[in-house]
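Text of entry.txt, listed as compact mmCIF, C-alpha atoms and all ligand atoms:
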# COMPACT_ATOMS: atom_id res chain seq x y z
CA MET D 1269 20.18 -46.48 45.20
CA ASN D 1270 16.98 -45.57 47.05
CA GLY D 1271 17.09 -44.85 50.77
CA LEU D 1272 14.86 -47.64 52.05
CA TYR D 1273 16.53 -49.89 54.63
CA LEU D 1274 14.85 -53.14 55.69
CA VAL D 1275 15.71 -54.15 59.26
CA THR D 1276 14.55 -57.71 59.89
CA ASP D 1277 12.56 -59.32 62.69
CA SER D 1278 11.71 -62.96 62.10
CA GLY D 1279 9.10 -62.93 64.90
CA ILE D 1280 7.14 -60.19 63.14
CA ALA D 1281 7.59 -61.94 59.78
CA HIS D 1282 6.29 -65.24 61.19
CA GLN D 1283 3.25 -63.51 62.73
CA ALA D 1284 2.44 -62.20 59.25
CA GLY D 1285 2.78 -65.74 57.88
CA HIS D 1286 6.17 -65.34 56.21
CA THR D 1287 9.64 -66.80 56.56
CA LEU D 1288 12.38 -64.21 56.82
CA PRO D 1289 14.14 -65.24 53.58
CA PHE D 1290 10.79 -64.78 51.80
CA VAL D 1291 10.42 -61.25 53.22
CA VAL D 1292 13.96 -60.33 52.23
CA GLU D 1293 13.61 -61.79 48.74
CA GLU D 1294 10.32 -59.95 48.17
CA ALA D 1295 11.80 -56.68 49.46
CA CYS D 1296 14.88 -57.02 47.26
CA ARG D 1297 12.70 -57.92 44.27
CA ALA D 1298 10.80 -54.68 44.92
CA GLY D 1299 14.04 -52.67 44.94
CA VAL D 1300 15.26 -52.59 48.55
CA ARG D 1301 19.05 -52.39 48.54
CA TRP D 1302 19.85 -52.19 52.25
CA VAL D 1303 19.03 -55.16 54.51
CA GLN D 1304 19.99 -55.53 58.16
CA LEU D 1305 19.75 -58.95 59.81
CA ARG D 1306 18.57 -58.09 63.33
CA GLU D 1307 17.74 -61.08 65.49
CA LYS D 1308 17.66 -60.89 69.27
CA ASP D 1309 16.49 -64.38 70.26
CA LEU D 1310 18.26 -66.76 67.91
CA THR D 1311 21.03 -69.17 68.80
CA THR D 1312 24.36 -68.40 67.22
CA ARG D 1313 23.90 -71.37 64.87
CA ALA D 1314 20.44 -70.23 63.73
CA PHE D 1315 21.66 -66.64 63.33
CA LEU D 1316 24.54 -67.87 61.19
CA GLU D 1317 22.30 -70.04 58.99
CA LEU D 1318 19.93 -67.14 58.44
CA GLY D 1319 22.89 -64.92 57.62
CA VAL D 1320 24.10 -67.37 54.96
CA ALA D 1321 20.60 -67.56 53.44
CA LEU D 1322 20.22 -63.76 53.38
CA LYS D 1323 23.71 -63.33 51.93
CA HIS D 1324 22.71 -65.43 48.90
CA ILE D 1325 19.55 -63.38 48.37
CA THR D 1326 21.10 -59.95 48.86
CA GLN D 1327 24.08 -60.80 46.68
CA HIS D 1328 21.76 -61.92 43.89
CA TYR D 1329 20.01 -58.52 43.91
CA GLY D 1330 23.10 -56.41 44.53
CA ALA D 1331 21.76 -55.35 47.94
CA LYS D 1332 23.92 -54.65 50.97
CA LEU D 1333 23.71 -57.07 53.91
CA ILE D 1334 24.45 -55.53 57.30
CA ILE D 1335 24.53 -57.61 60.50
CA ASN D 1336 23.11 -56.14 63.70
CA ASP D 1337 25.34 -56.32 66.79
CA ARG D 1338 27.30 -59.47 65.85
CA VAL D 1339 30.73 -58.88 64.34
CA ASP D 1340 31.48 -62.62 64.41
CA ILE D 1341 28.42 -63.42 62.28
CA ALA D 1342 29.26 -60.57 59.87
CA LEU D 1343 32.75 -62.00 59.38
CA ALA D 1344 31.49 -65.56 59.06
CA VAL D 1345 29.01 -64.73 56.28
CA ASP D 1346 31.20 -62.07 54.66
CA ALA D 1347 28.47 -59.48 55.11
CA ASP D 1348 28.88 -55.94 53.82
CA GLY D 1349 28.98 -54.48 57.30
CA VAL D 1350 27.84 -54.25 60.91
CA HIS D 1351 25.34 -52.02 62.73
CA VAL D 1352 26.11 -51.24 66.37
CA GLY D 1353 24.41 -49.15 69.02
CA GLN D 1354 25.67 -47.30 72.06
CA ASP D 1355 25.69 -50.43 74.26
CA ASP D 1356 27.26 -52.72 71.68
CA MET D 1357 30.89 -53.29 70.73
CA PRO D 1358 32.58 -49.88 70.30
CA HIS D 1359 32.65 -48.91 66.63
CA GLN D 1360 36.44 -48.40 66.69
CA LEU D 1361 36.89 -52.01 67.74
CA VAL D 1362 34.38 -53.14 65.10
CA ARG D 1363 36.49 -51.35 62.50
CA SER D 1364 39.69 -53.00 63.65
CA LEU D 1365 37.99 -56.40 63.37
CA ILE D 1366 36.15 -56.04 60.05
CA GLY D 1367 38.66 -53.87 58.19
CA PRO D 1368 38.51 -50.64 56.20
CA GLY D 1369 36.44 -51.91 53.26
CA LYS D 1370 33.34 -52.78 55.28
CA ILE D 1371 30.37 -50.65 56.30
CA ILE D 1372 29.80 -49.57 59.91
CA GLY D 1373 26.55 -47.96 61.03
CA LEU D 1374 26.15 -46.45 64.51
CA SER D 1375 22.90 -45.64 66.33
CA ILE D 1376 22.52 -42.06 67.54
CA ASN D 1377 19.75 -41.34 70.04
CA ASN D 1378 20.54 -37.75 71.00
CA MET D 1379 22.79 -34.76 70.35
CA ASP D 1380 25.44 -35.82 72.89
CA GLU D 1381 25.91 -39.14 71.13
CA LEU D 1382 26.19 -37.30 67.82
CA LYS D 1383 28.89 -35.01 69.23
CA ALA D 1384 30.82 -38.04 70.50
CA ALA D 1385 30.65 -39.60 67.02
CA GLN D 1386 31.89 -36.51 65.14
CA GLY D 1387 34.92 -37.35 63.00
CA ALA D 1388 34.61 -41.09 63.66
CA ASP D 1389 35.29 -43.68 60.97
CA LEU D 1390 31.63 -44.47 60.28
CA ASP D 1391 29.66 -44.98 57.06
CA TYR D 1392 26.18 -44.01 58.23
CA LEU D 1393 24.17 -43.12 61.32
CA GLY D 1394 20.91 -44.73 62.43
CA ILE D 1395 18.87 -41.97 64.07
CA ALA D 1396 16.56 -43.39 66.74
CA THR D 1397 13.87 -43.33 67.88
CA ILE D 1398 11.65 -41.13 65.72
CA PHE D 1399 8.11 -42.29 66.54
CA GLN D 1400 6.47 -44.72 68.96
CA THR D 1401 7.11 -48.33 68.03
CA GLY D 1402 6.06 -51.70 69.36
CA THR D 1403 8.99 -53.45 67.70
CA LYS D 1404 11.78 -52.51 70.13
CA GLN D 1405 11.12 -52.44 73.87
CA ASP D 1406 14.27 -50.67 75.11
CA THR D 1407 13.98 -47.58 72.96
CA SER D 1408 15.43 -44.18 73.71
CA SER D 1409 13.10 -41.19 74.18
CA LEU D 1410 11.30 -40.14 71.02
CA LEU D 1411 13.03 -37.57 68.82
CA GLY D 1412 10.07 -36.71 66.63
CA LEU D 1413 10.61 -34.79 63.41
CA ASP D 1414 12.16 -31.75 65.12
CA GLY D 1415 14.73 -33.85 66.95
CA LEU D 1416 15.54 -35.66 63.73
CA THR D 1417 16.05 -32.38 61.87
CA ALA D 1418 18.34 -31.02 64.59
CA ILE D 1419 20.56 -34.11 64.40
CA CYS D 1420 20.64 -34.32 60.61
CA GLN D 1421 21.69 -30.67 60.38
CA GLN D 1422 24.81 -31.42 62.46
CA THR D 1423 26.23 -34.31 60.42
CA SER D 1424 27.48 -34.88 56.91
CA LEU D 1425 27.18 -38.66 57.22
CA PRO D 1426 24.24 -40.45 55.55
CA THR D 1427 21.39 -40.82 58.07
CA PHE D 1428 18.73 -43.54 58.33
CA ALA D 1429 15.84 -42.57 60.58
CA ILE D 1430 14.24 -45.47 62.48
CA GLY D 1431 11.28 -46.09 64.76
CA GLY D 1432 7.60 -46.16 63.87
CA ILE D 1433 8.15 -45.23 60.23
CA ASN D 1434 5.55 -46.38 57.71
CA ALA D 1435 3.94 -45.35 54.42
CA THR D 1436 1.91 -42.63 56.16
CA ASN D 1437 4.82 -40.74 57.72
CA SER D 1438 7.89 -41.71 55.64
CA GLN D 1439 7.82 -38.61 53.44
CA SER D 1440 7.73 -36.31 56.46
CA VAL D 1441 10.83 -38.08 57.77
CA VAL D 1442 12.73 -37.50 54.52
CA LYS D 1443 11.55 -33.88 54.41
CA ALA D 1444 12.86 -33.48 57.97
CA GLY D 1445 16.36 -34.23 56.66
CA ALA D 1446 17.01 -37.99 56.83
CA SER D 1447 18.80 -39.44 53.82
CA GLY D 1448 16.97 -42.72 54.28
CA VAL D 1449 14.32 -44.54 56.29
CA ALA D 1450 14.81 -47.84 58.14
CA VAL D 1451 11.74 -49.95 58.82
CA VAL D 1452 10.92 -53.28 60.47
CA SER D 1453 7.15 -53.81 60.78
CA ALA D 1454 6.27 -51.69 57.75
CA ILE D 1455 7.76 -54.47 55.60
CA CYS D 1456 8.18 -57.62 57.76
CA GLY D 1457 4.67 -57.37 59.22
CA GLN D 1458 2.78 -56.75 55.97
CA THR D 1459 0.66 -59.21 54.00
CA SER D 1460 2.74 -58.39 50.92
CA PRO D 1461 6.31 -57.36 51.75
CA TYR D 1462 6.76 -56.77 48.01
CA ALA D 1463 3.85 -54.32 47.71
CA ALA D 1464 4.81 -52.60 50.98
CA SER D 1465 8.39 -52.14 49.76
CA ARG D 1466 7.26 -50.82 46.38
CA GLU D 1467 4.99 -48.30 48.07
CA LEU D 1468 7.73 -47.09 50.45
CA ILE D 1469 10.23 -46.75 47.58
CA LYS D 1470 7.67 -44.84 45.49
CA LEU D 1471 7.02 -42.48 48.40
CA PHE D 1472 10.75 -42.06 49.01
CA ASN D 1473 11.42 -41.23 45.37
CA GLY D 1474 8.50 -38.81 45.36
CA VAL D 1475 9.89 -36.46 48.03
C1 LIG P 1501 19.50 -48.39 61.00
C2 LIG P 1501 19.44 -48.71 62.45
N1 LIG P 1501 19.40 -47.69 63.33
C3 LIG P 1501 19.33 -47.94 64.64
C4 LIG P 1501 19.31 -49.26 65.12
C5 LIG P 1501 19.26 -49.56 66.58
O1 LIG P 1501 20.49 -50.17 67.01
P1 LIG P 1501 20.74 -50.41 68.59
O2 LIG P 1501 20.61 -49.11 69.26
O3 LIG P 1501 22.00 -51.13 68.75
O4 LIG P 1501 19.53 -51.33 69.00
P2 LIG P 1501 19.26 -52.82 68.49
O5 LIG P 1501 18.81 -52.75 67.08
O6 LIG P 1501 20.53 -53.60 68.59
O7 LIG P 1501 18.21 -53.33 69.41
C6 LIG P 1501 19.35 -50.28 64.17
N2 LIG P 1501 19.34 -51.58 64.53
N3 LIG P 1501 19.42 -49.98 62.84
C1 LIG P 1502 15.67 -51.34 65.81
C2 LIG P 1502 15.03 -50.09 66.28
N1 LIG P 1502 15.78 -49.10 66.83
C3 LIG P 1502 15.05 -48.06 67.21
S1 LIG P 1502 13.41 -48.28 66.94
C4 LIG P 1502 13.69 -49.81 66.25
C5 LIG P 1502 12.60 -50.69 65.74
C6 LIG P 1502 11.85 -50.07 64.60
O1 LIG P 1502 10.82 -50.94 64.22
P1 LIG P 1502 9.55 -50.40 63.43
O2 LIG P 1502 10.02 -49.97 62.09
O3 LIG P 1502 8.65 -51.62 63.35
O4 LIG P 1502 8.94 -49.31 64.24
MG MG P 1503 22.51 -53.06 68.94
Any chance you could give the structure as structure tokens?
Ligand SMILES: Cc1ncc(COP(=O)(O)OP(=O)(O)O)c(N)n1
Ligand SMILES: Cc1ncsc1CCOP(=O)(O)O
Ligand SMILES: [Mg+2]
Amino acid sequence: MNGLYLVTDSGIAHQAGHTLPFVVEEACRAGVRWVQLREKDLTTRAFLELGVALKHITQHYGAKLIINDRVDIALAVDADGVHVGQDDMPHQLVRSLIGPGKIIGLSINNMDELKAAQGADLDYLGIATIFQTGTKQDTSSLLGLDGLTAICQQTSLPTFAIGGINATNSQSVVKAGASGVAVVSAICGQTSPYAASRELIKLFNGV
């Protein structure tokens, strides 16, 4: 499985003229095998309906569907897992709710948060924020490539770097030590999510 992780944003997809299911289907068709449904402004009902639609698509392609923040939605759509950050439901509680067979990803923004997560029952870490991004307003301070390397050296868990990653800088992120790259606008905001995904996978495989 390649290390490209699509994190969704339906606002960005709509601005580019796409529906979110179209973006996810095109990304999966191109080979993306990690998809996170991340929606900050949807009603619970709309979030759930989108989750059901994405579950059908990801299941068809054998891709993992992870739900951002919302354990209830993850359970309702039988998603593969949940991604939580430092201000979300504590990961220990997420585990007790979703069970041992599901995936939990935790955001790490600095070395202190990494230390606090050592030995925890987690499946991967999202390392944020690498570069400047317009996609998320409440970002942590930028880690850059050096900060990313320092964190990746201190963990044996799989790491997905996130924040401002695109086709121009993705290889430098992998060379810095991340096992994968997570992107929003570099797929959702592109004219062809399929072509953008193919390019990112090709670059990833070429490192
Ligand atoms: C893969 C990945 N890494 C980090 C994040 C950020 O999560 P969080 O800090 O909880 O912020 P929000 O995404 O909830 O705004 C992520 N979503 N995915
Ligand atoms: C969810 C998230 N967490 C840290 S930065 C970010 C958004 C990344 O979006 P983009 O890939 O468009 O920079
Ligand atoms: Mg969160």
Extending 3 Å beyond the listed atoms of range 1370-1386 of chain D on each side, what axis-aligned box results? I want centre and edge lengths in Å to one decimal, as lines of an AutoDock Vina configuration file.
center_x = 26.5
center_y = -43.8
center_z = 64.1
size_x = 19.6
size_y = 24.0
size_z = 23.6
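Atom to atom, CA of Gln1422 in chain D and CA of Lys1383 in chain D stand 8.7 Å apart.
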Quick one: residues within 9 Å of ligand MG 1503 (chain P), with only C-alpha atoms and all ligand atoms, as JSON, numbers by chain?
{"D": [1306, 1336, 1337, 1338, 1351, 1352, 1353, 1354, 1355, 1356, 1357, 1374, 1375]}
Counting only C-alpha atoms and all ligand atoms, the residue of D:Cys1296, D:Ala1281, D:Leu1382, D:Leu1365 that sits nearest ligand LIG 1502 (chain P):
D:Ala1281
Can I get the residues of chain D within 10 Å of ligand LIG 1502 (chain P), each with the closest pair of atoms and their distance in Å to one decimal, using all atoms listed in the file, sorted chain first then ascending number, as a Markdown table?
| residue | atom | partner | partner_atom | distance |
| --- | --- | --- | --- | --- |
| D:Tyr1273 | CA | P:LIG1502 | O2 | 9.9 |
| D:Leu1274 | CA | P:LIG1502 | O2 | 8.6 |
| D:Val1275 | CA | P:LIG1502 | C1 | 7.1 |
| D:Thr1276 | CA | P:LIG1502 | C1 | 8.8 |
| D:Asp1277 | CA | P:LIG1502 | O3 | 8.7 |
| D:Ile1280 | CA | P:LIG1502 | O3 | 8.7 |
| D:Gln1304 | CA | P:LIG1502 | C1 | 9.7 |
| D:Arg1306 | CA | P:LIG1502 | C1 | 7.8 |
| D:Glu1307 | CA | P:LIG1502 | C1 | 10.0 |
| D:Asn1336 | CA | P:LIG1502 | C1 | 9.1 |
| D:Gly1353 | CA | P:LIG1502 | N1 | 8.9 |
| D:Ser1375 | CA | P:LIG1502 | N1 | 7.9 |
| D:Ile1376 | CA | P:LIG1502 | C3 | 9.6 |
| D:Asn1377 | CA | P:LIG1502 | C3 | 8.7 |
| D:Gly1394 | CA | P:LIG1502 | N1 | 8.0 |
| D:Ile1395 | CA | P:LIG1502 | C3 | 7.8 |
| D:Ala1396 | CA | P:LIG1502 | C3 | 4.9 |
| D:Thr1397 | CA | P:LIG1502 | C3 | 4.9 |
| D:Ile1398 | CA | P:LIG1502 | S1 | 7.5 |
| D:Phe1399 | CA | P:LIG1502 | O4 | 7.4 |
| D:Gln1400 | CA | P:LIG1502 | O4 | 7.0 |
| D:Thr1401 | CA | P:LIG1502 | O4 | 4.3 |
| D:Gly1402 | CA | P:LIG1502 | O4 | 6.3 |
| D:Thr1403 | CA | P:LIG1502 | O1 | 4.7 |
| D:Lys1404 | CA | P:LIG1502 | C5 | 4.8 |
| D:Gln1405 | CA | P:LIG1502 | S1 | 8.4 |
| D:Asp1406 | CA | P:LIG1502 | C3 | 8.4 |
| D:Thr1407 | CA | P:LIG1502 | C3 | 5.9 |
| D:Ser1408 | CA | P:LIG1502 | C3 | 7.6 |
| D:Ser1409 | CA | P:LIG1502 | C3 | 10.0 |
| D:Leu1410 | CA | P:LIG1502 | S1 | 9.3 |
| D:Ala1429 | CA | P:LIG1502 | C3 | 8.6 |
| D:Ile1430 | CA | P:LIG1502 | S1 | 5.3 |
| D:Gly1431 | CA | P:LIG1502 | S1 | 3.8 |
| D:Gly1432 | CA | P:LIG1502 | O4 | 3.4 |
| D:Ile1433 | CA | P:LIG1502 | O2 | 5.4 |
| D:Asn1434 | CA | P:LIG1502 | O2 | 7.2 |
| D:Val1449 | CA | P:LIG1502 | O2 | 9.0 |
| D:Ala1450 | CA | P:LIG1502 | O2 | 6.6 |
| D:Val1451 | CA | P:LIG1502 | O2 | 3.7 |
| D:Val1452 | CA | P:LIG1502 | O2 | 3.8 |
| D:Ser1453 | CA | P:LIG1502 | O3 | 3.7 |
| D:Ala1454 | CA | P:LIG1502 | O2 | 6.0 |
| D:Ile1455 | CA | P:LIG1502 | O2 | 8.2 |
| D:Cys1456 | CA | P:LIG1502 | O3 | 8.2 |
| D:Gly1457 | CA | P:LIG1502 | O3 | 8.1 |
Contacts of Arg1363 in chain D within 10 Å, all atoms listed in the file, excl. fewer than 3 positions in-chain, as a list in words:
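The contact residues come out as Val1339, Gly1349, Val1350, Pro1358, His1359, Gln1360, Ile1366, Gly1367, Pro1368, Gly1369, Lys1370, Ile1371, Ile1372, Asp1389 and Leu1390 of chain D.
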Rank nothing, just name the residue among D:Lys1443, D:His1286, D:Lys1308, D:Lys1323 nearest to ligand LIG 1501 (chain P), using all atoms listed in the file.
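Among D:Lys1443, D:His1286, D:Lys1308, D:Lys1323, it is D:Lys1308 that comes nearest to ligand LIG 1501 (chain P).
Remark: residues at most 6 Å from position (16.3, -44.3, 51.4) in file coordinates are D:Asn1270, D:Gly1271, D:Leu1272, D:Ser1447, D:Gly1448, D:Val1449, using only C-alpha atoms.
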List the neighbours of Val1475 in chain D out to 9 Å using all atoms listed in the file; skip same-chain residues closer than 4 positions along the sequence, and give me the result as a PDB file with C-alpha atoms, in the frame of the given file.
ATOM      1  CA  GLN D1439       7.820 -38.610  53.440  1.00  0.00           C
ATOM      2  CA  SER D1440       7.730 -36.310  56.460  1.00  0.00           C
ATOM      3  CA  VAL D1442      12.730 -37.500  54.520  1.00  0.00           C
ATOM      4  CA  LYS D1443      11.550 -33.880  54.410  1.00  0.00           C
ATOM      5  CA  LEU D1471       7.020 -42.480  48.400  1.00  0.00           C
TER       6      LEU D1471
END
Closest of D:Gly1299, D:Val1345, D:Ala1435, D:Leu1322 to Gln1458 in chain D - atom-to-atom distances counting all atoms listed in the file
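Checking each candidate against Gln1458 in chain D, we get D:Ala1435 as the closest.
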Please report the interatomic distance between CA of Trp1302 in chain D and CA of Glu1317 in chain D in Å with one decimal.
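Going from CA of Trp1302 in chain D over to CA of Glu1317 in chain D, I get 19.2 Å.
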Quick one: everything within 12 Å of Gln1386 in chain D, counting only C-alpha atoms, minus sequence neighbours fewer than 5 positions away in the same chain. Send it as a list of chain:residue names.
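Skipping anything fewer than 5 positions along the chain leaves D:Leu1374, D:Ile1376, D:Met1379, D:Asp1380, D:Glu1381, D:Asp1391, D:Tyr1392, D:Leu1393, D:Ile1419, D:Gln1422, D:Thr1423, D:Ser1424, D:Leu1425.
Interatomic distance, CA of Gly1415 in chain D to CA of Thr1427 in chain D: 13.1 Å.
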Nearest residue to Glu1294 in chain D from the set D:Ser1364, D:Gln1421, D:Thr1326, D:Ser1438 (distances using all atoms listed in the file)
D:Thr1326
